[in-house]
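Dumped final.csv below, it's CSV, C-alpha atoms and all ligand atoms:
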```
chain,number,residue,atom,x,y,z
A,1,MET,CA,-3.5,11.4,-14.9
A,2,LYS,CA,-4.4,11.3,-11.2
A,3,ASP,CA,-2.6,13.5,-8.7
A,4,ILE,CA,0.4,11.9,-7.1
A,5,LYS,CA,-0.1,10.7,-3.5
A,6,ILE,CA,3.0,10.1,-1.3
A,7,ALA,CA,2.5,7.3,1.3
A,8,PRO,CA,5.4,6.9,3.9
A,9,SER,CA,5.4,3.4,5.2
A,10,ILE,CA,5.6,3.4,9.0
A,11,LEU,CA,7.3,0.0,8.9
A,12,SER,CA,10.5,1.9,8.7
A,13,ALA,CA,9.7,4.4,11.5
A,14,ASN,CA,11.1,4.2,15.0
A,15,TYR,CA,8.4,2.4,16.9
A,16,ALA,CA,9.4,3.9,20.2
A,17,LYS,CA,8.6,7.4,18.8
A,18,MET,CA,5.7,6.5,16.5
A,19,GLY,CA,3.4,9.4,17.3
A,20,GLU,CA,6.2,11.9,16.7
A,21,GLU,CA,7.3,10.1,13.5
A,22,ILE,CA,3.7,10.3,12.2
A,23,LYS,CA,3.3,13.9,13.0
A,24,ASN,CA,6.6,14.7,11.3
A,25,VAL,CA,5.7,13.1,8.0
A,26,CYS,CA,2.1,14.5,8.1
A,27,ASP,CA,3.4,18.0,8.7
A,28,ASN,CA,5.9,17.6,6.0
A,29,GLY,CA,3.7,16.7,3.0
A,30,ALA,CA,2.7,13.0,3.3
A,31,ASP,CA,-0.8,12.4,1.8
A,32,PHE,CA,-1.3,8.8,3.0
A,33,ILE,CA,0.1,6.9,6.0
A,34,HIS,CA,0.9,3.4,4.8
A,35,VAL,CA,0.5,0.9,7.6
A,36,ASP,CA,2.1,-2.5,6.8
A,37,VAL,CA,0.7,-5.3,8.9
A,38,MET,CA,2.7,-8.5,9.0
A,39,ASP,CA,1.8,-11.8,10.6
A,40,GLY,CA,5.0,-13.9,10.4
A,41,ASN,CA,3.1,-16.3,8.2
A,42,PHE,CA,2.2,-14.7,4.9
A,43,VAL,CA,5.5,-12.9,5.2
A,44,PRO,CA,8.5,-13.9,7.4
A,45,ASN,CA,8.3,-10.7,9.5
A,46,ILE,CA,6.0,-9.8,12.4
A,47,ASN,CA,5.1,-6.3,13.5
A,48,PHE,CA,1.8,-4.8,14.7
A,49,GLY,CA,-2.0,-5.1,14.4
A,50,MET,CA,-5.1,-3.0,14.5
A,51,LYS,CA,-4.2,-1.2,17.7
A,52,ILE,CA,-1.6,0.8,15.9
A,53,VAL,CA,-4.3,2.1,13.5
A,54,SER,CA,-6.7,3.1,16.3
A,55,ASP,CA,-3.9,4.7,18.4
A,56,LEU,CA,-2.6,6.7,15.4
A,57,ARG,CA,-6.0,7.7,14.0
A,58,PRO,CA,-6.6,10.7,16.4
A,59,LEU,CA,-3.2,12.1,15.5
A,60,THR,CA,-4.0,12.9,11.8
A,61,ASP,CA,-6.7,13.4,9.2
A,62,LYS,CA,-4.4,12.0,6.5
A,63,VAL,CA,-5.6,8.9,4.6
A,64,MET,CA,-4.8,5.7,6.6
A,65,ASP,CA,-3.7,3.2,4.1
A,66,VAL,CA,-3.6,-0.3,5.7
A,67,HIS,CA,-1.7,-3.0,3.8
A,68,LEU,CA,-2.5,-6.4,5.2
A,69,MET,CA,0.3,-8.9,4.7
A,70,ILE,CA,-1.5,-11.6,6.6
A,71,VAL,CA,-3.0,-15.0,5.9
A,72,ARG,CA,-6.8,-14.9,5.6
A,73,PRO,CA,-7.2,-11.2,6.0
A,74,GLU,CA,-10.9,-11.6,5.8
A,75,ARG,CA,-10.8,-12.5,9.5
A,76,TYR,CA,-9.8,-8.9,10.5
A,77,ILE,CA,-11.5,-6.6,8.0
A,78,LYS,CA,-14.1,-5.4,10.4
A,79,GLU,CA,-11.6,-4.6,13.1
A,80,PHE,CA,-9.3,-2.6,10.8
A,81,ALA,CA,-12.4,-0.7,9.5
A,82,LYS,CA,-13.4,0.1,13.1
A,83,ALA,CA,-9.9,1.1,14.0
A,84,GLY,CA,-10.1,3.9,11.3
A,85,ALA,CA,-8.6,2.5,8.1
A,86,ASP,CA,-9.5,4.6,5.0
A,87,TYR,CA,-8.1,1.9,2.6
A,88,ILE,CA,-7.7,-1.8,3.3
A,89,THR,CA,-5.5,-3.7,1.0
A,90,VAL,CA,-5.6,-7.5,0.9
A,91,HIS,CA,-3.3,-9.8,-0.9
A,92,TYR,CA,-4.7,-11.8,-3.8
A,93,GLU,CA,-2.5,-14.7,-2.6
A,94,ALA,CA,-3.7,-14.6,1.0
A,95,CYS,CA,-7.6,-14.8,0.9
A,96,GLU,CA,-9.3,-18.1,1.6
A,97,LYS,CA,-12.8,-16.7,1.0
A,98,PRO,CA,-13.4,-15.7,-2.7
A,99,ILE,CA,-11.5,-12.4,-3.0
A,100,ILE,CA,-14.4,-10.6,-4.6
A,101,GLU,CA,-16.5,-11.2,-1.4
A,102,VAL,CA,-13.7,-9.9,0.7
A,103,LEU,CA,-13.4,-6.7,-1.4
A,104,GLN,CA,-17.2,-6.2,-1.3
A,105,GLU,CA,-17.1,-6.6,2.4
A,106,ILE,CA,-14.4,-3.9,2.7
A,107,ARG,CA,-16.6,-1.5,0.7
A,108,SER,CA,-19.7,-2.4,2.6
A,109,LEU,CA,-17.9,-1.1,5.7
A,110,GLY,CA,-17.4,2.3,4.1
A,111,VAL,CA,-13.7,1.7,3.5
A,112,LYS,CA,-11.9,1.9,0.1
A,113,SER,CA,-10.9,-1.6,-1.1
A,114,ALA,CA,-7.6,-2.6,-2.6
A,115,VAL,CA,-5.9,-5.7,-3.8
A,116,SER,CA,-2.1,-6.4,-3.9
A,117,ILE,CA,-0.1,-8.9,-5.8
A,118,LYS,CA,3.4,-10.2,-5.1
A,119,PRO,CA,6.1,-9.9,-7.7
A,120,ASP,CA,5.5,-13.5,-8.9
A,121,THR,CA,1.7,-13.3,-9.4
A,122,ARG,CA,0.6,-12.5,-12.9
A,123,VAL,CA,-1.0,-9.1,-13.3
A,124,GLU,CA,-3.8,-10.7,-15.5
A,125,VAL,CA,-5.4,-12.0,-12.3
A,126,LEU,CA,-6.5,-8.4,-11.5
A,127,GLU,CA,-8.7,-8.1,-14.6
A,128,LYS,CA,-11.8,-9.7,-13.0
A,129,LEU,CA,-11.3,-7.7,-9.8
A,130,LEU,CA,-11.4,-4.3,-11.4
A,131,PRO,CA,-15.1,-3.6,-10.6
A,132,TYR,CA,-14.5,-4.2,-6.9
A,133,VAL,CA,-11.3,-2.2,-6.2
A,134,ASP,CA,-10.5,1.4,-5.5
A,135,MET,CA,-6.8,0.8,-5.7
A,136,ILE,CA,-4.3,-1.8,-6.9
A,137,LEU,CA,-1.0,-2.3,-5.1
A,138,ILE,CA,1.8,-3.6,-7.2
A,139,MET,CA,4.6,-5.0,-4.9
A,140,CYS,CA,8.0,-4.2,-6.3
A,141,VAL,CA,9.8,-6.4,-3.8
A,142,TYR,CA,8.9,-9.6,-2.1
A,143,PRO,CA,6.9,-8.4,0.9
A,144,GLY,CA,8.2,-8.7,4.4
A,145,PHE,CA,11.0,-6.2,4.9
A,146,GLY,CA,11.7,-2.5,4.3
A,147,GLY,CA,14.9,-1.4,2.5
A,148,GLN,CA,15.0,-4.0,-0.3
A,149,LYS,CA,16.0,-3.4,-3.9
A,150,TYR,CA,13.3,-2.5,-6.5
A,151,ILE,CA,12.7,-5.5,-8.8
A,152,GLU,CA,13.2,-4.2,-12.4
A,153,ASP,CA,10.4,-6.3,-13.9
A,154,SER,CA,8.0,-4.3,-11.8
A,155,THR,CA,8.0,-1.4,-14.3
A,156,GLU,CA,6.5,-3.6,-17.0
A,157,ARG,CA,3.9,-4.9,-14.5
A,158,ILE,CA,2.9,-1.4,-13.6
A,159,LYS,CA,2.5,-0.5,-17.3
A,160,LYS,CA,0.3,-3.5,-17.9
A,161,THR,CA,-1.8,-2.7,-14.9
A,162,LYS,CA,-2.2,0.9,-16.0
A,163,GLU,CA,-3.3,-0.2,-19.5
A,164,MET,CA,-5.8,-2.6,-18.0
A,165,VAL,CA,-7.2,0.0,-15.6
A,166,ASP,CA,-7.5,2.6,-18.4
A,167,ALA,CA,-9.2,0.2,-20.8
A,168,SER,CA,-11.7,-0.7,-18.1
A,169,GLY,CA,-12.8,2.9,-17.4
A,170,TYR,CA,-12.9,2.3,-13.7
A,171,ASP,CA,-11.5,4.9,-11.3
A,172,ILE,CA,-8.7,3.0,-9.7
A,173,ARG,CA,-5.5,4.2,-8.1
A,174,ILE,CA,-2.3,2.4,-8.8
A,175,GLU,CA,0.0,2.1,-5.8
A,176,VAL,CA,3.6,0.9,-5.8
A,177,ASP,CA,5.4,-0.5,-2.8
A,178,GLY,CA,9.0,-1.6,-2.2
A,179,GLY,CA,12.4,-0.2,-3.1
A,180,ILE,CA,11.1,3.2,-4.3
A,181,THR,CA,13.9,5.8,-4.2
A,182,LEU,CA,14.5,9.4,-5.5
A,183,GLU,CA,16.3,7.8,-8.4
A,184,ASN,CA,13.5,5.4,-9.6
A,185,VAL,CA,10.4,7.2,-8.6
A,186,SER,CA,10.0,8.9,-12.0
A,187,ILE,CA,10.2,5.4,-13.7
A,188,VAL,CA,7.3,4.1,-11.7
A,189,LYS,CA,5.3,7.3,-12.3
A,190,ASN,CA,5.9,7.2,-16.0
A,191,ALA,CA,4.8,3.6,-16.0
A,192,GLY,CA,1.5,4.6,-14.5
A,193,ALA,CA,1.8,4.6,-10.7
A,194,ASP,CA,0.0,7.5,-8.9
A,195,THR,CA,0.4,6.4,-5.3
A,196,ILE,CA,4.0,6.0,-4.0
A,197,VAL,CA,4.8,4.1,-0.9
A,198,ALA,CA,8.2,4.8,0.5
A,199,GLY,CA,9.6,3.4,3.8
A,200,SER,CA,13.3,3.7,4.1
A,201,THR,CA,13.6,6.6,1.6
A,202,VAL,CA,11.4,8.8,3.9
A,203,PHE,CA,12.3,7.6,7.4
A,204,LYS,CA,16.1,7.4,6.9
A,205,ALA,CA,16.1,11.0,5.6
A,206,GLU,CA,16.9,13.9,7.9
A,207,ASP,CA,15.0,16.4,5.8
A,208,LYS,CA,11.6,14.6,5.4
A,209,LYS,CA,10.0,17.6,3.8
A,210,ALA,CA,12.6,17.7,1.0
A,211,VAL,CA,12.4,14.0,0.4
A,212,ILE,CA,8.6,13.9,0.2
A,213,LYS,CA,8.6,16.9,-2.1
A,214,ALA,CA,11.2,15.2,-4.3
A,215,LEU,CA,9.2,12.0,-4.4
A,216,ARG,CA,6.2,14.0,-5.6
A,217,GLU,CA,8.1,16.1,-8.2
A,218,ASN,CA,11.0,13.9,-9.5
B,1,LIG,C1,7.3,-4.4,2.1
B,1,LIG,C2,6.3,-3.4,2.7
B,1,LIG,C3,6.7,-2.1,2.3
B,1,LIG,C4,8.0,-1.6,2.8
B,1,LIG,C5,8.6,-0.6,1.8
B,1,LIG,O1,7.1,-5.6,2.7
B,1,LIG,O2,5.0,-3.7,2.2
B,1,LIG,O3,5.7,-1.1,2.5
B,1,LIG,O4,7.8,-1.0,4.0
B,1,LIG,O5,9.8,-0.2,2.4
B,1,LIG,P1,10.9,0.4,1.4
B,1,LIG,O6,10.3,1.6,0.9
B,1,LIG,O7,12.0,0.7,2.4
B,1,LIG,O8,11.3,-0.6,0.4
B,2,ZN,ZN,3.2,-2.0,2.1
```
Encoded form (structure tokens):
Amino acid sequence: MKDIKIAPSILSANYAKMGEEIKNVCDNGADFIHVDVMDGNFVPNINFGMKIVSDLRPLTDKVMDVHLMIVRPERYIKEFAKAGADYITVHYEACEKPIIEVLQEIRSLGVKSAVSIKPDTRVEVLEKLLPYVDMILIMCVYPGFGGQKYIEDSTERIKKTKEMVDASGYDIRIEVDGGITLENVSIVKNAGADTIVAGSTVFKAEDKKAVIKALREN
């Protein structure tokens, strides 16, 4: 079993105080900073681009985990790598170029590669991608907004992914994103998730240290 990494999603932070918000979660136990990038096209919401990554990069040594919810993410891989991403996640549904080439390009830039699937994409599509990814991100809500409810079917999808990864022998993290709370975090971990994205659960909490600890230990 891999060690558990907690990845607060800055989608739910107060953007007017972004630097402070980042320092706060980094000082209080976050392992990864999950940066959700949305283009108003792949998902209905719009937020920020690569500049947020380059501006935040000097503030922390924590792992910068960039989740691209954008159409044709291959257009921007180089720029996010240059901005300081440690992981770049692209959506299986969003690439125009063959996704294996996109994943190879991410790795060729010295960045860890990851693929994400939406709740209605079959997990079996991941099988042929296993040699090319360092992480798989299973969406547990339809991407676009923080604060949605965990889709129950996700538990089965995480289990299937974990079985597939274990059978392959590749060293791949399994990340979950969307609707993760102190109540359901043990369910996703038991199903095989080792990297836990949490937006509203962390940023709505007064005591971030306690919440991050509970996400790790529950
Ligand atoms: C969903 C994003 C998530 C989101 C999670 O579109 O990819 O990272 O911020 O937020 P919560 O934890 O509030 O569901
Ligand atoms: Zn995300």
For a cut-off of 7 Å around (-10.3, -3.0, -12.8), file coordinates, pick out all residues using all atoms listed in the file and list them as a PDB file with C-alpha atoms, in the frame of the given file.
```pdb
ATOM      1  CA  LEU A 126      -6.500  -8.400 -11.500  1.00  0.00           C
ATOM      2  CA  GLU A 127      -8.700  -8.100 -14.600  1.00  0.00           C
ATOM      3  CA  LYS A 128     -11.800  -9.700 -13.000  1.00  0.00           C
ATOM      4  CA  LEU A 129     -11.300  -7.700  -9.800  1.00  0.00           C
ATOM      5  CA  LEU A 130     -11.400  -4.300 -11.400  1.00  0.00           C
ATOM      6  CA  PRO A 131     -15.100  -3.600 -10.600  1.00  0.00           C
ATOM      7  CA  VAL A 133     -11.300  -2.200  -6.200  1.00  0.00           C
ATOM      8  CA  MET A 164      -5.800  -2.600 -18.000  1.00  0.00           C
ATOM      9  CA  VAL A 165      -7.200   0.000 -15.600  1.00  0.00           C
ATOM     10  CA  SER A 168     -11.700  -0.700 -18.100  1.00  0.00           C
ATOM     11  CA  TYR A 170     -12.900   2.300 -13.700  1.00  0.00           C
ATOM     12  CA  ILE A 172      -8.700   3.000  -9.700  1.00  0.00           C
TER      13      ILE A 172
END
```
| query | CA of Ile187 in chain A to CA of Arg157 in chain A: how many Å, to one decimal? | reply | 12.1 Å
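With all atoms listed in the file as the atoms that count, the minimum distance from Val185 in chain A to the choices A:Ile6, A:Lys159, A:Asp36, A:Cys95 is reached by A:Ile6.
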| field | Surrounding residues as a list in words, ligand LIG 1 (chain B), max 6 Å, only C-alpha atoms and all ligand atoms | value | Ser9, Leu11, Asp36, Pro143, Gly144, Phe145, Gly146, Gly147, Gln148, Asp177, Gly178, Gly179, Ile180, Ala198, Gly199 and Ser200 of chain A
| field | Nearest-residue call for ligand ZN 2 (chain B), choices A:Val53, A:Leu215, A:Val90, A:Val123, using only C-alpha atoms and all ligand atoms | value |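 Looking at the shortest contact to ligand ZN 2 (chain B), the residue is A:Val90.
Interatomic distance, CA of Val202 in chain A against CA of Val176 in chain A: 14.7 Å.
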| Quick one: of A:Pro58, A:Gly40, A:Pro73, A:Pro98, who's nearest to Ile22 in chain A, counting all atoms listed in the file? |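 Checking each candidate against Ile22 in chain A, we get A:Pro58 as the closest.
The space between atom ZN of ligand ZN 2 (chain B) and CA of Glu217 in chain A spans 21.4 Å.
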For Ala81 in chain A, work out the shell of residues within 10 Å, counting only C-alpha atoms and skipping chain neighbours fewer than 3 positions away, then give it as a JSON list (two decimals) with C-alpha atoms, in the coordinates of the input.
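Contents of the output file out.json:
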```json
[["chain", "number", "residue", "atom", "x", "y", "z"],
["A", 50, "MET", "CA", -5.10, -3.00, 14.50],
["A", 53, "VAL", "CA", -4.30, 2.10, 13.50],
["A", 54, "SER", "CA", -6.70, 3.10, 16.30],
["A", 66, "VAL", "CA", -3.60, -0.30, 5.70],
["A", 76, "TYR", "CA", -9.80, -8.90, 10.50],
["A", 77, "ILE", "CA", -11.50, -6.60, 8.00],
["A", 78, "LYS", "CA", -14.10, -5.40, 10.40],
["A", 84, "GLY", "CA", -10.10, 3.90, 11.30],
["A", 85, "ALA", "CA", -8.60, 2.50, 8.10],
["A", 86, "ASP", "CA", -9.50, 4.60, 5.00],
["A", 87, "TYR", "CA", -8.10, 1.90, 2.60],
["A", 88, "ILE", "CA", -7.70, -1.80, 3.30],
["A", 106, "ILE", "CA", -14.40, -3.90, 2.70],
["A", 107, "ARG", "CA", -16.60, -1.50, 0.70],
["A", 109, "LEU", "CA", -17.90, -1.10, 5.70],
["A", 110, "GLY", "CA", -17.40, 2.30, 4.10],
["A", 111, "VAL", "CA", -13.70, 1.70, 3.50],
["A", 112, "LYS", "CA", -11.90, 1.90, 0.10]]
```
| query | Which of these, A:Asp171, A:Tyr15, A:Glu124, A:Lys118, has the shortest distance to Asp153 in chain A once you count all atoms listed in the file? | reply |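 Under the stated criterion, the closest residue is A:Lys118.
With all atoms listed in the file as the atoms that count, the minimum distance from Phe48 in chain A to the choices A:Val35, A:Ile151, A:Ala13, A:Ala193 is reached by A:Val35.
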| field | Shortest interatomic distance to ligand ZN 2 (chain B) - which of A:Asn218, A:Ser108, A:Ser12, A:Thr155, counting only C-alpha atoms and all ligand atoms | value | A:Ser12
| said: Please list as a PyMOL selection string every residue within 8 Å of Ile158 in chain A, counting only C-alpha atoms and excluding residues in the same chain fewer than 5 positions away. | reply: chain A and resi 138+188+191-193
Go ahead and write the selection's residues with C-alpha atoms as a PDB file, in the coordinates of the input.
```
ATOM      1  CA  ILE A 138       1.800  -3.600  -7.200  1.00  0.00           C
ATOM      2  CA  VAL A 188       7.300   4.100 -11.700  1.00  0.00           C
ATOM      3  CA  ALA A 191       4.800   3.600 -16.000  1.00  0.00           C
ATOM      4  CA  GLY A 192       1.500   4.600 -14.500  1.00  0.00           C
ATOM      5  CA  ALA A 193       1.800   4.600 -10.700  1.00  0.00           C
TER       6      ALA A 193
END
```
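The list of residues with at least one atom within 9 Å of Leu137 in chain A, based on only C-alpha atoms and without residues fewer than 2 positions apart in the same chain, reads His67, Thr89, His91, Ala114, Val115, Ser116, Ile117, Met135, Met139, Arg173, Ile174, Glu175, Val176, Asp177 and Thr195 of chain A.
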Fill-in result for range 13-39 of chain A, N, CA, C and O atoms as a CSV table (one decimal), keeping the file's coordinate frame:
```
chain,number,residue,atom,x,y,z
A,13,ALA,N,9.6,3.4,10.5
A,13,ALA,CA,9.7,4.4,11.5
A,13,ALA,C,10.3,3.8,12.8
A,13,ALA,O,10.4,2.6,12.9
A,14,ASN,N,10.7,4.7,13.7
A,14,ASN,CA,11.1,4.2,15.0
A,14,ASN,C,9.9,4.0,15.9
A,14,ASN,O,9.2,4.9,16.2
A,15,TYR,N,9.6,2.7,16.2
A,15,TYR,CA,8.4,2.4,16.9
A,15,TYR,C,8.3,3.0,18.3
A,15,TYR,O,7.2,3.2,18.8
A,16,ALA,N,9.4,3.3,18.9
A,16,ALA,CA,9.4,3.9,20.2
A,16,ALA,C,9.0,5.4,20.1
A,16,ALA,O,8.7,6.0,21.2
A,17,LYS,N,9.0,6.0,18.9
A,17,LYS,CA,8.6,7.4,18.8
A,17,LYS,C,7.5,7.5,17.7
A,17,LYS,O,7.5,8.4,16.9
A,18,MET,N,6.6,6.5,17.6
A,18,MET,CA,5.7,6.5,16.5
A,18,MET,C,4.8,7.7,16.3
A,18,MET,O,4.7,8.2,15.2
A,19,GLY,N,4.3,8.2,17.5
A,19,GLY,CA,3.4,9.4,17.3
A,19,GLY,C,4.2,10.6,16.7
A,19,GLY,O,3.7,11.3,15.8
A,20,GLU,N,5.4,10.8,17.2
A,20,GLU,CA,6.2,11.9,16.7
A,20,GLU,C,6.6,11.7,15.2
A,20,GLU,O,6.6,12.6,14.4
A,21,GLU,N,6.9,10.4,14.9
A,21,GLU,CA,7.3,10.1,13.5
A,21,GLU,C,6.1,10.4,12.5
A,21,GLU,O,6.3,11.0,11.4
A,22,ILE,N,4.9,10.0,13.0
A,22,ILE,CA,3.7,10.3,12.2
A,22,ILE,C,3.5,11.8,12.0
A,22,ILE,O,3.2,12.2,10.9
A,23,LYS,N,3.5,12.5,13.1
A,23,LYS,CA,3.3,13.9,13.0
A,23,LYS,C,4.3,14.6,12.1
A,23,LYS,O,4.0,15.4,11.3
A,24,ASN,N,5.5,14.1,12.2
A,24,ASN,CA,6.6,14.7,11.3
A,24,ASN,C,6.3,14.5,9.8
A,24,ASN,O,6.3,15.5,9.1
A,25,VAL,N,5.9,13.3,9.4
A,25,VAL,CA,5.7,13.1,8.0
A,25,VAL,C,4.4,13.8,7.6
A,25,VAL,O,4.3,14.3,6.4
A,26,CYS,N,3.4,13.8,8.5
A,26,CYS,CA,2.1,14.5,8.1
A,26,CYS,C,2.3,16.0,7.9
A,26,CYS,O,1.8,16.6,7.0
A,27,ASP,N,3.1,16.6,8.8
A,27,ASP,CA,3.4,18.0,8.7
A,27,ASP,C,4.3,18.4,7.5
A,27,ASP,O,4.4,19.5,7.2
A,28,ASN,N,4.9,17.4,7.0
A,28,ASN,CA,5.9,17.6,6.0
A,28,ASN,C,5.5,17.1,4.6
A,28,ASN,O,6.4,16.8,3.7
A,29,GLY,N,4.2,16.9,4.4
A,29,GLY,CA,3.7,16.7,3.0
A,29,GLY,C,3.2,15.3,2.7
A,29,GLY,O,2.8,15.1,1.6
A,30,ALA,N,3.2,14.4,3.7
A,30,ALA,CA,2.7,13.0,3.3
A,30,ALA,C,1.2,13.2,3.0
A,30,ALA,O,0.5,14.0,3.7
A,31,ASP,N,0.7,12.4,2.1
A,31,ASP,CA,-0.8,12.4,1.8
A,31,ASP,C,-1.4,11.2,2.5
A,31,ASP,O,-2.6,11.3,3.0
A,32,PHE,N,-0.8,10.0,2.4
A,32,PHE,CA,-1.3,8.8,3.0
A,32,PHE,C,-0.3,8.3,4.1
A,32,PHE,O,0.9,8.6,4.0
A,33,ILE,N,-0.8,7.6,5.1
A,33,ILE,CA,0.1,6.9,6.0
A,33,ILE,C,-0.1,5.5,5.7
A,33,ILE,O,-1.2,4.9,5.8
A,34,HIS,N,1.0,4.8,5.2
A,34,HIS,CA,0.9,3.4,4.8
A,34,HIS,C,1.3,2.6,6.0
A,34,HIS,O,2.4,2.6,6.5
A,35,VAL,N,0.3,1.7,6.4
A,35,VAL,CA,0.5,0.9,7.6
A,35,VAL,C,0.6,-0.6,7.1
A,35,VAL,O,-0.3,-1.2,6.7
A,36,ASP,N,1.8,-1.1,7.2
A,36,ASP,CA,2.1,-2.5,6.8
A,36,ASP,C,1.9,-3.4,8.0
A,36,ASP,O,2.5,-3.2,9.0
A,37,VAL,N,1.0,-4.3,7.8
A,37,VAL,CA,0.7,-5.3,8.9
A,37,VAL,C,1.2,-6.7,8.5
A,37,VAL,O,0.8,-7.2,7.4
A,38,MET,N,2.1,-7.3,9.3
A,38,MET,CA,2.7,-8.5,9.0
A,38,MET,C,2.5,-9.6,10.1
A,38,MET,O,2.6,-9.2,11.3
A,39,ASP,N,2.3,-10.8,9.6
A,39,ASP,CA,1.8,-11.8,10.6
A,39,ASP,C,2.9,-12.9,10.8
A,39,ASP,O,2.6,-13.9,11.5
```
